[in-house]
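Single-structure report; data block below.
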Amino acid sequence: MTAAPAPRSLADQLRLWSEERLAHLLRLRPDLATPPPQDSTQLASRAATRASALRALDRLTLADLAVLHDLVGRGATPRADLEGASASVARLEELALVWEGSDGLRAVTVVAELLARATAPTGAVPEPELVTSDQSPTLVARTAAGAAFDVVRRIEVLLDHWGTHPPGVLRTGGLGVRDLKTAALLLHVDEREAALLVDVAASASLLAPGSVGETECWLPTDAYDAWCRLEAAERWQRVARAWLTSARTPAKVGGKDASGKAVNALAPALVDPHQVDTRTVALHQLAELGPATGLATGTGLPSLVARVRWLRPRRPADQASLVAAAVEEATVLGLVGMGVLSPAGRALLAGDDAAPVLAPLLPEPLDHVLVQGDLTAIAPGPLLPALAARLQQVADIESRGGATVYRFGAGSIRRGLDAGWSAAEIHTFLASVSRTPVPQPLTYLVDDTARTYGTVRVGYAEAFLRSDDEAALAHLVADPKAASLGLRLLAPTVVISTAPIDVLLSRLRELGLAPVVEASDGSVHVARPDALRARTPKAAPSGRDAAREAAQVTAAVAAVRAGDRVASSRGRDVIANTPAGALAALRAAIEGRTSVVIEYLDNHGTRSERIVDPRRVEGGQLTAYDHRSEDERSFAVHRIGSVRPTD
């Protein structure tokens with residue numbers, strides 16, 4: 001049986017590949033698949049372009065680059081001479097950076113040009129070892145689950161607050177420094193962690209810009225309400241997956257950009273093209289360690305930075321900071337615990353459903369609290385979302401942690417009355433949710449607040465006060481502390497003010513009164529602010545990107561094979577007379593180091609045929625050895641009418 005002839009170029013080698021191997025190449029180098037190549041010649045031509053080759057080189061390890069430098073220096077090299085680097089050779093071949101002709105393996109020509117400008121690795125290039133320590137898998141899982149629970153709870157607290165008190169959007173599109181500090185205080189975290197939580201919420205489409213009147217503000221989205229109804233593990237998976245696939249770099253918040261300006265949270269430019277790959281590569285290194293082994297304290301992280309540098313040596317100098325931020329953020333989000341990739345993080349990284357893995361480790365939501373005699377209520381664990389929302393209408397959160405402490409006060413009870421509750425409803429609610437008897441001091445507080453609630457009524461006159469308690473109004477008008485309100489007694493039960501109603505309400509409450517707003521018909525106006533929402537940003541449905549990529553790869557492989565069959569039916573030695581065909585034929589001649597005949601139209605309009613040995617194609621110019629002038633010269637590619645092989 002006659003052996004198949006050895007490939008004369010990369011295009012010839014691609015023709016010999018199976019459809020599965022071609023599809024694998026297009027998945028590794030997706031830029032080659034769009035639009036679908038006409039045939040293997042055009043596919044090889046794209047693979048040999050500078051931009052595409054640079055993207056492929058960025059995926060190589062230091063060992064792969066060392067082998068590639070060696071091949072460029074040697075020229076055509078028999079495969080047997082590279083037996084010790086078989087893994088790297090296979091990697092270079094599957095990326096179509098190397099092809100095998102009759103005289104051995106050789107690098108694609110453009111690769112030699114690109115690597116000529118870089119320092120070649122010399123000697124053995126061993127893979128750096130990670131510095132590790134053993135940990136208890138149970139303790140790792142519980143630690144990471146605690147962090148995951150805190151992330152979900154803090155995002156909910158923040159967005160609930162911003163639903164009624166939204167921060168403004170900066171003209172540059174980010175979040176103000178003061179608003180970030182306020183968010184950090186609200187969540188009891190530092191500003192770096194607050195920036196991460198805010199960014200993750202936006203990446204998960206739970207937060208977006210929206211309009212409040214004429215002002216653009218950061219608001220929870222419609223999707224946030226649906227997110228709140230999910231189980232805690234599902235909510236965590238949503239935000240963790242958004243972080244894993246986001247190119248944003250919240251760790252840079254607070255630093256300076258290239259122009260020396262401060263970097264704000266949620267700024268549109270806060271992205272890095274290498275972020276997703278760097279983060280994924282770093283976490284995969286942790287996944288390879290196993291469930292009981294993680295990075296050692298202190299020395300483990302530098303060793304991981306060195307490993308990722310070995311795996312992606314062509315990345316910019318800030319790669320080290322991206323790796324460190326990836327581990328830090330993964331720890332905050334609960335994907336990593338004690339330097340070990342958590343079970344839920346491992347499932348998420350593998351593309352599996354991580355919620356069932358995390359759910360058994362999270363505390364069960366409670367339907368009760370413990371009301372104390374010091375006007376506090378203790379929630380010994382997470383509360384049901386509906387219960388937590390109702391409790392926060394009549395109590396203030398005093399501290400968070402393993403247990404949440406709520407404190408009742410006259411202001412918090414008035415907030416419940418403002419929301420439309422009656423004193424009887426507050427008593428009934430407290431009795432139904434407390435596992436301890438409601439103490440008398442709290443009962444008295446509710447009754448006393450309700451008794452004075454609404455005794456003073458504020459209306460829109462700019463404004464006016466009305467009360468049946470004539471003595472209280474007279475005392476208020478005479479009070480020096482109320483002088484700034486411009487009060488004047490019109491009648492024993494009516495006082496007018498020169499202060500706006502919003503200012504008047506807050507000042508009266510500071511003076512110890514409990515005013516309510518009166519509507520035009522004399523009824524009490526409930527002043528509870530409505531929760532504001534922004535429209536959820538459009539996002540691709542889950543799995544759509546993967547389906548689109550698979551369809552593109554399938555279509556590209558089918559197009560290449562169909563084009564190859566057409567070329568085969570008319571013979572390979574055909575004239576390339578289209579711009580794309582001529583360019584592909586020239587690149588094939590460069591790789592095969594063969595001569596071709598070009599039909600060329602010079603500056604004077606003279607058409608001639610030249611036998612040339614193409615050297616490189618760059619910037620719209622073909623550099624080739626011209627057999628007629630016996631010298632190397634340049635030809636404008638757009639003036640080449642056709643290309644055909646020599647006899």
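Going through the structure tokens in order, the chains are called A, B, and so on, while each chain numbers its residues from 1 and the ligands are numbered from 1 in the order shown.
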For this session: Considering only C-alpha atoms, return as a PyMOL selection string whatever protein or nucleic-acid residues lie within 10 Å of A:Ser45, sequence-local ones (same chain, fewer than 5 positions apart) excluded.
Result: chain A and resi 10-11+32+37+40+580-581+583-588+591
Residues of the last selection are to be written out with C-alpha atoms, as a PDB file, in the first residue's frame.
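Writing done, so here's again_23.pdb:
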ATOM      1  CA  LEU A  10       0.334  23.594   7.102  1.00  0.00           C
ATOM      2  CA  ALA A  11      -2.686  23.600   4.782  1.00  0.00           C
ATOM      3  CA  LEU A  32     -10.199  30.995  13.180  1.00  0.00           C
ATOM      4  CA  PRO A  37     -13.058  29.354   6.284  1.00  0.00           C
ATOM      5  CA  SER A  40      -7.995  24.208   4.615  1.00  0.00           C
ATOM      6  CA  ALA A 580      -8.517  35.753  -0.183  1.00  0.00           C
ATOM      7  CA  GLY A 581      -7.334  32.875  -2.363  1.00  0.00           C
ATOM      8  CA  LEU A 583      -3.312  35.570   0.167  1.00  0.00           C
ATOM      9  CA  ALA A 584      -3.895  31.990   1.300  1.00  0.00           C
ATOM     10  CA  ALA A 585      -1.771  30.644  -1.575  1.00  0.00           C
ATOM     11  CA  LEU A 586       1.075  33.005  -0.688  1.00  0.00           C
ATOM     12  CA  ARG A 587       0.994  31.952   2.985  1.00  0.00           C
ATOM     13  CA  ALA A 588       0.971  28.294   1.932  1.00  0.00           C
ATOM     14  CA  GLU A 591       5.137  27.627   4.935  1.00  0.00           C
TER      15      GLU A 591
END
For this session: Name all residues at most 7 Å from A:Pro614 (count only C-alpha atoms; drop same-chain ones fewer than 2 positions away) and give them as a VMD selection string.
Result: chain A and resid 586 589 to 590 612 616 623 to 625
Since we have the selection now, will you write its residues out, keeping all heavy atoms, as a PDB file, in the first residue's frame?
ATOM      1  N   LEU A 586      -0.231  32.450  -1.042  1.00  0.00           N
ATOM      2  CA  LEU A 586       1.075  33.005  -0.688  1.00  0.00           C
ATOM      3  C   LEU A 586       1.537  32.500   0.675  1.00  0.00           C
ATOM      4  O   LEU A 586       2.709  32.158   0.862  1.00  0.00           O
ATOM      5  CB  LEU A 586       1.005  34.538  -0.686  1.00  0.00           C
ATOM      6  CG  LEU A 586       0.831  35.214  -2.058  1.00  0.00           C
ATOM      7  CD1 LEU A 586       0.597  36.701  -1.895  1.00  0.00           C
ATOM      8  CD2 LEU A 586       2.059  34.964  -2.940  1.00  0.00           C
ATOM      9  N   ALA A 589       2.708  28.994   0.362  1.00  0.00           N
ATOM     10  CA  ALA A 589       4.040  28.928  -0.253  1.00  0.00           C
ATOM     11  C   ALA A 589       5.121  29.297   0.758  1.00  0.00           C
ATOM     12  O   ALA A 589       6.226  28.731   0.744  1.00  0.00           O
ATOM     13  CB  ALA A 589       4.089  29.865  -1.455  1.00  0.00           C
ATOM     14  N   ILE A 590       4.803  30.241   1.647  1.00  0.00           N
ATOM     15  CA  ILE A 590       5.772  30.617   2.687  1.00  0.00           C
ATOM     16  C   ILE A 590       6.043  29.429   3.596  1.00  0.00           C
ATOM     17  O   ILE A 590       7.197  29.108   3.907  1.00  0.00           O
ATOM     18  CB  ILE A 590       5.245  31.825   3.489  1.00  0.00           C
ATOM     19  CG1 ILE A 590       5.212  33.080   2.612  1.00  0.00           C
ATOM     20  CG2 ILE A 590       6.116  32.062   4.717  1.00  0.00           C
ATOM     21  CD1 ILE A 590       4.522  34.264   3.258  1.00  0.00           C
ATOM     22  N   VAL A 612       8.432  33.897  -7.966  1.00  0.00           N
ATOM     23  CA  VAL A 612       8.962  34.436  -6.710  1.00  0.00           C
ATOM     24  C   VAL A 612       8.975  33.337  -5.654  1.00  0.00           C
ATOM     25  O   VAL A 612       8.234  32.349  -5.728  1.00  0.00           O
ATOM     26  CB  VAL A 612       8.110  35.626  -6.205  1.00  0.00           C
ATOM     27  CG1 VAL A 612       8.139  36.776  -7.203  1.00  0.00           C
ATOM     28  CG2 VAL A 612       6.681  35.206  -5.918  1.00  0.00           C
ATOM     29  N   ARG A 616       7.505  36.563   3.434  1.00  0.00           N
ATOM     30  CA  ARG A 616       6.523  36.939   4.459  1.00  0.00           C
ATOM     31  C   ARG A 616       5.502  37.887   3.851  1.00  0.00           C
ATOM     32  O   ARG A 616       5.773  38.565   2.855  1.00  0.00           O
ATOM     33  CB  ARG A 616       7.193  37.588   5.668  1.00  0.00           C
ATOM     34  CG  ARG A 616       7.958  38.858   5.379  1.00  0.00           C
ATOM     35  CD  ARG A 616       8.634  39.406   6.627  1.00  0.00           C
ATOM     36  NE  ARG A 616       9.438  40.593   6.340  1.00  0.00           N
ATOM     37  CZ  ARG A 616      10.687  40.557   5.916  1.00  0.00           C
ATOM     38  NH1 ARG A 616      11.288  39.387   5.714  1.00  0.00           N
ATOM     39  NH2 ARG A 616      11.352  41.678   5.686  1.00  0.00           N
ATOM     40  N   THR A 623       6.848  40.240   0.769  1.00  0.00           N
ATOM     41  CA  THR A 623       8.305  40.273   0.613  1.00  0.00           C
ATOM     42  C   THR A 623       8.721  38.919   0.049  1.00  0.00           C
ATOM     43  O   THR A 623       8.414  37.874   0.643  1.00  0.00           O
ATOM     44  CB  THR A 623       8.998  40.525   1.958  1.00  0.00           C
ATOM     45  OG1 THR A 623       8.542  41.766   2.499  1.00  0.00           O
ATOM     46  CG2 THR A 623      10.502  40.579   1.775  1.00  0.00           C
ATOM     47  N   ALA A 624       9.387  38.934  -1.112  1.00  0.00           N
ATOM     48  CA  ALA A 624       9.722  37.674  -1.788  1.00  0.00           C
ATOM     49  C   ALA A 624      11.010  37.843  -2.592  1.00  0.00           C
ATOM     50  O   ALA A 624      11.401  38.958  -2.971  1.00  0.00           O
ATOM     51  CB  ALA A 624       8.577  37.244  -2.708  1.00  0.00           C
ATOM     52  N   TYR A 625      11.654  36.698  -2.859  1.00  0.00           N
ATOM     53  CA  TYR A 625      12.829  36.684  -3.752  1.00  0.00           C
ATOM     54  C   TYR A 625      12.307  36.590  -5.178  1.00  0.00           C
ATOM     55  O   TYR A 625      11.594  35.649  -5.545  1.00  0.00           O
ATOM     56  CB  TYR A 625      13.727  35.499  -3.434  1.00  0.00           C
ATOM     57  CG  TYR A 625      14.905  35.381  -4.366  1.00  0.00           C
ATOM     58  CD1 TYR A 625      16.042  36.167  -4.195  1.00  0.00           C
ATOM     59  CD2 TYR A 625      14.874  34.483  -5.434  1.00  0.00           C
ATOM     60  CE1 TYR A 625      17.120  36.064  -5.054  1.00  0.00           C
ATOM     61  CE2 TYR A 625      15.947  34.370  -6.302  1.00  0.00           C
ATOM     62  CZ  TYR A 625      17.070  35.165  -6.107  1.00  0.00           C
ATOM     63  OH  TYR A 625      18.134  35.061  -6.962  1.00  0.00           O
TER      64      TYR A 625
END
Exercise. Got a sec: who's within 12 Å of A:Gly290, counting only C-alpha atoms, leaving out chain neighbours fewer than 2 positions off, as an MDAnalysis selection string?
Worked result: chainID A and resid 132:137 140 283:288 292:295 339:343 346
Could you write those residues out with C-alpha atoms, as a PDB file, in the first residue's frame?
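Here's the written file result.pdb:
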ATOM      1  CA  THR A 132       1.130  23.302  50.336  1.00  0.00           C
ATOM      2  CA  SER A 133      -0.169  22.197  53.702  1.00  0.00           C
ATOM      3  CA  ASP A 134      -2.782  19.647  54.735  1.00  0.00           C
ATOM      4  CA  GLN A 135      -6.165  20.761  56.044  1.00  0.00           C
ATOM      5  CA  SER A 136      -9.283  19.074  57.378  1.00  0.00           C
ATOM      6  CA  PRO A 137     -11.777  18.715  54.485  1.00  0.00           C
ATOM      7  CA  VAL A 140     -12.530  23.644  54.865  1.00  0.00           C
ATOM      8  CA  LEU A 283      -8.280  27.897  40.623  1.00  0.00           C
ATOM      9  CA  HIS A 284      -7.564  24.839  38.466  1.00  0.00           C
ATOM     10  CA  GLN A 285      -4.150  24.581  40.128  1.00  0.00           C
ATOM     11  CA  LEU A 286      -5.912  24.449  43.509  1.00  0.00           C
ATOM     12  CA  ALA A 287      -8.352  21.868  42.151  1.00  0.00           C
ATOM     13  CA  GLU A 288      -5.449  19.578  41.242  1.00  0.00           C
ATOM     14  CA  ALA A 292      -7.420  18.039  51.812  1.00  0.00           C
ATOM     15  CA  THR A 293      -4.440  20.011  50.457  1.00  0.00           C
ATOM     16  CA  GLY A 294      -4.170  23.749  49.974  1.00  0.00           C
ATOM     17  CA  LEU A 295      -1.752  26.632  49.785  1.00  0.00           C
ATOM     18  CA  GLY A 339      -6.255  27.847  51.016  1.00  0.00           C
ATOM     19  CA  VAL A 340      -8.186  24.804  49.726  1.00  0.00           C
ATOM     20  CA  LEU A 341     -10.744  24.793  46.918  1.00  0.00           C
ATOM     21  CA  SER A 342     -14.079  24.074  48.624  1.00  0.00           C
ATOM     22  CA  PRO A 343     -16.421  21.274  47.484  1.00  0.00           C
ATOM     23  CA  ARG A 346     -14.807  22.543  42.886  1.00  0.00           C
TER      24      ARG A 346
END
Exercise. By how many Å are atom CA of A:Ser211 and atom CA of A:Ala534 apart?
Worked result: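 Value for the atom CA of A:Ser211-atom CA of A:Ala534 distance: 7.5 Å.
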Problem set entry | Within 12 Å of A:Val369 using only C-alpha atoms, minus same-chain residues under 5 positions, as a ChimeraX atom specification | /A:376-384,387-388,391,403-406,429-438
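The closest residue to A:Asp39, picked from A:Ser595, A:Ala23, A:Val560, A:Asp631 and counting only C-alpha atoms, is A:Val560.
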For this session: Looking only at alpha helix (DSSP H) from DSSP on the backbone, list the matching residues of stretch 334-575 of chain A as number ranges by chain.
Result: A: 343-349, 355-358, 385-394, 410-418, 423-433, 440-452, 470-478, 501-510, 544-569
Saved selection, atoms kept: C-alpha atoms, as a CSV table (one decimal), in the first residue's frame:
chain,number,residue,atom,x,y,z
A,343,PRO,CA,-16.4,21.3,47.5
A,344,ALA,CA,-18.9,23.8,46.1
A,345,GLY,CA,-16.1,25.8,44.4
A,346,ARG,CA,-14.8,22.5,42.9
A,347,ALA,CA,-18.3,21.8,41.5
A,348,LEU,CA,-18.7,25.3,40.2
A,349,LEU,CA,-15.3,25.2,38.5
A,355,ALA,CA,-26.1,24.5,45.0
A,356,PRO,CA,-26.8,20.9,46.2
A,357,VAL,CA,-23.2,20.6,47.4
A,358,LEU,CA,-23.4,23.8,49.4
A,385,PRO,CA,-36.4,36.5,54.2
A,386,ALA,CA,-40.0,37.6,54.8
A,387,LEU,CA,-39.5,37.6,58.6
A,388,ALA,CA,-36.3,39.5,58.3
A,389,ALA,CA,-37.9,42.2,56.1
A,390,ARG,CA,-40.8,42.7,58.5
A,391,LEU,CA,-38.6,42.7,61.6
A,392,GLN,CA,-36.4,45.5,60.1
A,393,GLN,CA,-39.5,47.7,59.7
A,394,VAL,CA,-39.8,47.9,63.5
A,410,ALA,CA,-38.9,55.0,69.5
A,411,GLY,CA,-37.5,55.7,66.0
A,412,SER,CA,-37.8,52.1,64.8
A,413,ILE,CA,-41.4,51.8,66.2
A,414,ARG,CA,-42.3,55.1,64.5
A,415,ARG,CA,-40.9,53.6,61.2
A,416,GLY,CA,-43.3,50.7,61.6
A,417,LEU,CA,-46.2,53.1,62.2
A,418,ASP,CA,-45.1,55.2,59.2
A,423,ALA,CA,-49.9,49.3,67.7
A,424,ALA,CA,-52.0,46.1,68.0
A,425,GLU,CA,-50.4,44.7,64.8
A,426,ILE,CA,-47.0,45.3,66.2
A,427,HIS,CA,-47.9,43.6,69.5
A,428,THR,CA,-49.3,40.6,67.6
A,429,PHE,CA,-46.3,40.3,65.3
A,430,LEU,CA,-43.8,40.4,68.2
A,431,ALA,CA,-45.8,37.8,70.2
A,432,SER,CA,-45.9,35.5,67.1
A,433,VAL,CA,-42.2,35.5,66.3
A,440,GLN,CA,-43.1,44.8,79.5
A,441,PRO,CA,-40.6,47.5,78.6
A,442,LEU,CA,-41.1,46.7,74.9
A,443,THR,CA,-44.8,46.6,75.3
A,444,TYR,CA,-44.7,50.0,77.0
A,445,LEU,CA,-42.4,51.4,74.3
A,446,VAL,CA,-44.8,50.4,71.5
A,447,ASP,CA,-47.8,51.9,73.4
A,448,ASP,CA,-46.1,55.1,74.3
A,449,THR,CA,-44.8,55.7,70.8
A,450,ALA,CA,-48.3,54.9,69.3
A,451,ARG,CA,-49.9,57.3,71.8
A,452,THR,CA,-47.8,60.3,70.8
A,470,GLU,CA,-52.6,73.6,72.4
A,471,ALA,CA,-50.0,73.6,75.1
A,472,ALA,CA,-47.6,71.5,73.1
A,473,LEU,CA,-47.8,73.8,70.1
A,474,ALA,CA,-47.3,76.9,72.3
A,475,HIS,CA,-44.3,75.3,73.9
A,476,LEU,CA,-42.9,74.4,70.5
A,477,VAL,CA,-43.2,77.9,69.1
A,478,ALA,CA,-41.5,79.3,72.2
A,501,ILE,CA,-41.7,69.8,54.9
A,502,ASP,CA,-38.8,67.3,54.6
A,503,VAL,CA,-36.6,69.6,56.8
A,504,LEU,CA,-39.5,70.2,59.2
A,505,LEU,CA,-40.2,66.6,59.7
A,506,SER,CA,-36.6,65.6,60.6
A,507,ARG,CA,-36.1,68.6,62.9
A,508,LEU,CA,-39.3,67.9,64.8
A,509,ARG,CA,-38.2,64.3,65.3
A,510,GLU,CA,-34.9,65.6,66.6
A,544,ARG,CA,-26.5,30.1,24.8
A,545,ASP,CA,-22.8,31.1,24.4
A,546,ALA,CA,-21.7,27.5,24.5
A,547,ALA,CA,-24.4,26.5,22.0
A,548,ARG,CA,-23.4,29.3,19.7
A,549,GLU,CA,-19.7,28.3,19.9
A,550,ALA,CA,-20.5,24.7,19.2
A,551,ALA,CA,-22.6,25.7,16.2
A,552,GLN,CA,-19.8,28.0,14.8
A,553,VAL,CA,-17.3,25.2,15.2
A,554,THR,CA,-19.5,22.7,13.4
A,555,ALA,CA,-20.3,25.1,10.6
A,556,ALA,CA,-16.6,26.0,10.2
A,557,VAL,CA,-15.5,22.3,10.0
A,558,ALA,CA,-18.3,21.6,7.4
A,559,ALA,CA,-17.2,24.6,5.3
A,560,VAL,CA,-13.5,23.6,5.4
A,561,ARG,CA,-14.3,20.0,4.4
A,562,ALA,CA,-16.7,21.1,1.6
A,563,GLY,CA,-14.1,23.5,0.2
A,564,ASP,CA,-11.4,20.8,0.3
A,565,ARG,CA,-13.6,18.5,-1.7
A,566,VAL,CA,-14.2,21.2,-4.3
A,567,ALA,CA,-10.5,21.9,-4.6
A,568,SER,CA,-9.7,18.2,-4.8
A,569,SER,CA,-12.3,17.8,-7.6
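Of note, atom CA of A:Pro167 and atom CA of A:Asn264 are spaced 13.4 Å apart.
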Exercise. Mind checking DSSP for stretch 343-578 of chain A and telling me the strand (DSSP E) residues as a PyMOL selection string?
Worked result: chain A and resi 370-371+376-379+396-399+404-407+457-459+464-466+488-491+494-496+516-518+524-525
Seminar exercise, completed: Correct to one decimal, the distance atom CA of A:Leu26-atom CA of A:Val98 is 15.4 Å
If we count only C-alpha atoms, what is near stretch 606-611 of chain A at a cut-off of 9 Å, once residues fewer than 2 positions away on the same chain are taken out, given as an mmCIF file with N, CA, C and O atoms, in the first residue's frame?
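Saved to selection.cif:
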data_model
loop_
_atom_site.group_PDB
_atom_site.id
_atom_site.type_symbol
_atom_site.label_atom_id
_atom_site.label_comp_id
_atom_site.auth_asym_id
_atom_site.auth_seq_id
_atom_site.Cartn_x
_atom_site.Cartn_y
_atom_site.Cartn_z
ATOM 1 N N SER A 595 8.210 27.893 -4.631
ATOM 2 C CA SER A 595 8.100 29.020 -5.560
ATOM 3 C C SER A 595 6.697 29.053 -6.156
ATOM 4 O O SER A 595 6.040 28.019 -6.309
ATOM 5 N N VAL A 596 6.224 30.260 -6.498
ATOM 6 C CA VAL A 596 4.931 30.418 -7.157
ATOM 7 C C VAL A 596 5.078 31.440 -8.273
ATOM 8 O O VAL A 596 6.048 32.204 -8.325
ATOM 9 N N VAL A 597 4.091 31.440 -9.157
ATOM 10 C CA VAL A 597 4.030 32.431 -10.235
ATOM 11 C C VAL A 597 2.934 33.422 -9.879
ATOM 12 O O VAL A 597 1.788 33.030 -9.634
ATOM 13 N N ILE A 598 3.285 34.690 -9.816
ATOM 14 C CA ILE A 598 2.280 35.710 -9.521
ATOM 15 C C ILE A 598 2.074 36.580 -10.752
ATOM 16 O O ILE A 598 3.001 36.851 -11.515
ATOM 17 N N GLU A 599 0.821 36.970 -10.965
ATOM 18 C CA GLU A 599 0.494 37.948 -12.008
ATOM 19 C C GLU A 599 0.428 39.305 -11.322
ATOM 20 O O GLU A 599 -0.395 39.516 -10.421
ATOM 21 N N TYR A 600 1.323 40.228 -11.746
ATOM 22 C CA TYR A 600 1.492 41.477 -10.987
ATOM 23 C C TYR A 600 1.301 42.685 -11.891
ATOM 24 O O TYR A 600 1.791 42.724 -13.025
ATOM 25 N N LEU A 601 0.563 43.686 -11.379
ATOM 26 C CA LEU A 601 0.342 44.946 -12.075
ATOM 27 C C LEU A 601 1.158 46.017 -11.368
ATOM 28 O O LEU A 601 0.877 46.368 -10.222
ATOM 29 N N ASP A 602 2.211 46.572 -12.073
ATOM 30 C CA ASP A 602 3.086 47.526 -11.398
ATOM 31 C C ASP A 602 2.507 48.935 -11.436
ATOM 32 O O ASP A 602 1.390 49.154 -11.927
ATOM 33 N N ASN A 603 3.263 49.903 -10.912
ATOM 34 C CA ASN A 603 2.784 51.288 -10.800
ATOM 35 C C ASN A 603 2.512 51.939 -12.148
ATOM 36 O O ASN A 603 1.779 52.928 -12.230
ATOM 37 N N HIS A 604 3.112 51.412 -13.213
ATOM 38 C CA HIS A 604 2.938 51.994 -14.544
ATOM 39 C C HIS A 604 1.804 51.325 -15.306
ATOM 40 O O HIS A 604 1.602 51.616 -16.489
ATOM 41 N N ASP A 613 9.845 33.546 -4.665
ATOM 42 C CA ASP A 613 9.877 32.700 -3.464
ATOM 43 C C ASP A 613 9.367 33.552 -2.299
ATOM 44 O O ASP A 613 10.112 34.381 -1.762
ATOM 45 N N TYR A 625 11.654 36.698 -2.859
ATOM 46 C CA TYR A 625 12.829 36.684 -3.752
ATOM 47 C C TYR A 625 12.307 36.590 -5.178
ATOM 48 O O TYR A 625 11.594 35.649 -5.545
ATOM 49 N N ASP A 626 12.656 37.579 -6.005
ATOM 50 C CA ASP A 626 12.188 37.649 -7.389
ATOM 51 C C ASP A 626 13.238 37.015 -8.295
ATOM 52 O O ASP A 626 14.384 37.482 -8.358
ATOM 53 N N HIS A 627 12.847 35.943 -8.980
ATOM 54 C CA HIS A 627 13.799 35.232 -9.845
ATOM 55 C C HIS A 627 14.234 36.080 -11.036
ATOM 56 O O HIS A 627 15.322 35.876 -11.584
ATOM 57 N N ARG A 628 13.407 37.040 -11.463
ATOM 58 C CA ARG A 628 13.761 37.858 -12.620
ATOM 59 C C ARG A 628 14.873 38.837 -12.257
ATOM 60 O O ARG A 628 15.877 38.959 -12.966
ATOM 61 N N THR A 646 4.409 26.777 -9.557
ATOM 62 C CA THR A 646 5.311 26.587 -10.700
ATOM 63 C C THR A 646 5.246 25.132 -11.143
ATOM 64 O O THR A 646 4.761 24.253 -10.429
#
Exercise. Which residues come within 8 Å of A:Thr61, counting only C-alpha atoms, excluding same-chain residues fewer than 3 positions away, as a VMD selection string?
Worked result: chain A and resid 64 to 65 310 to 313
Exercise. With only C-alpha atoms as the atoms that count, which of A:Asp352, A:Asp31, A:Glu398, A:Glu127 lies nearest to A:Arg307?
Worked result: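 Nearest to A:Arg307: A:Glu127.
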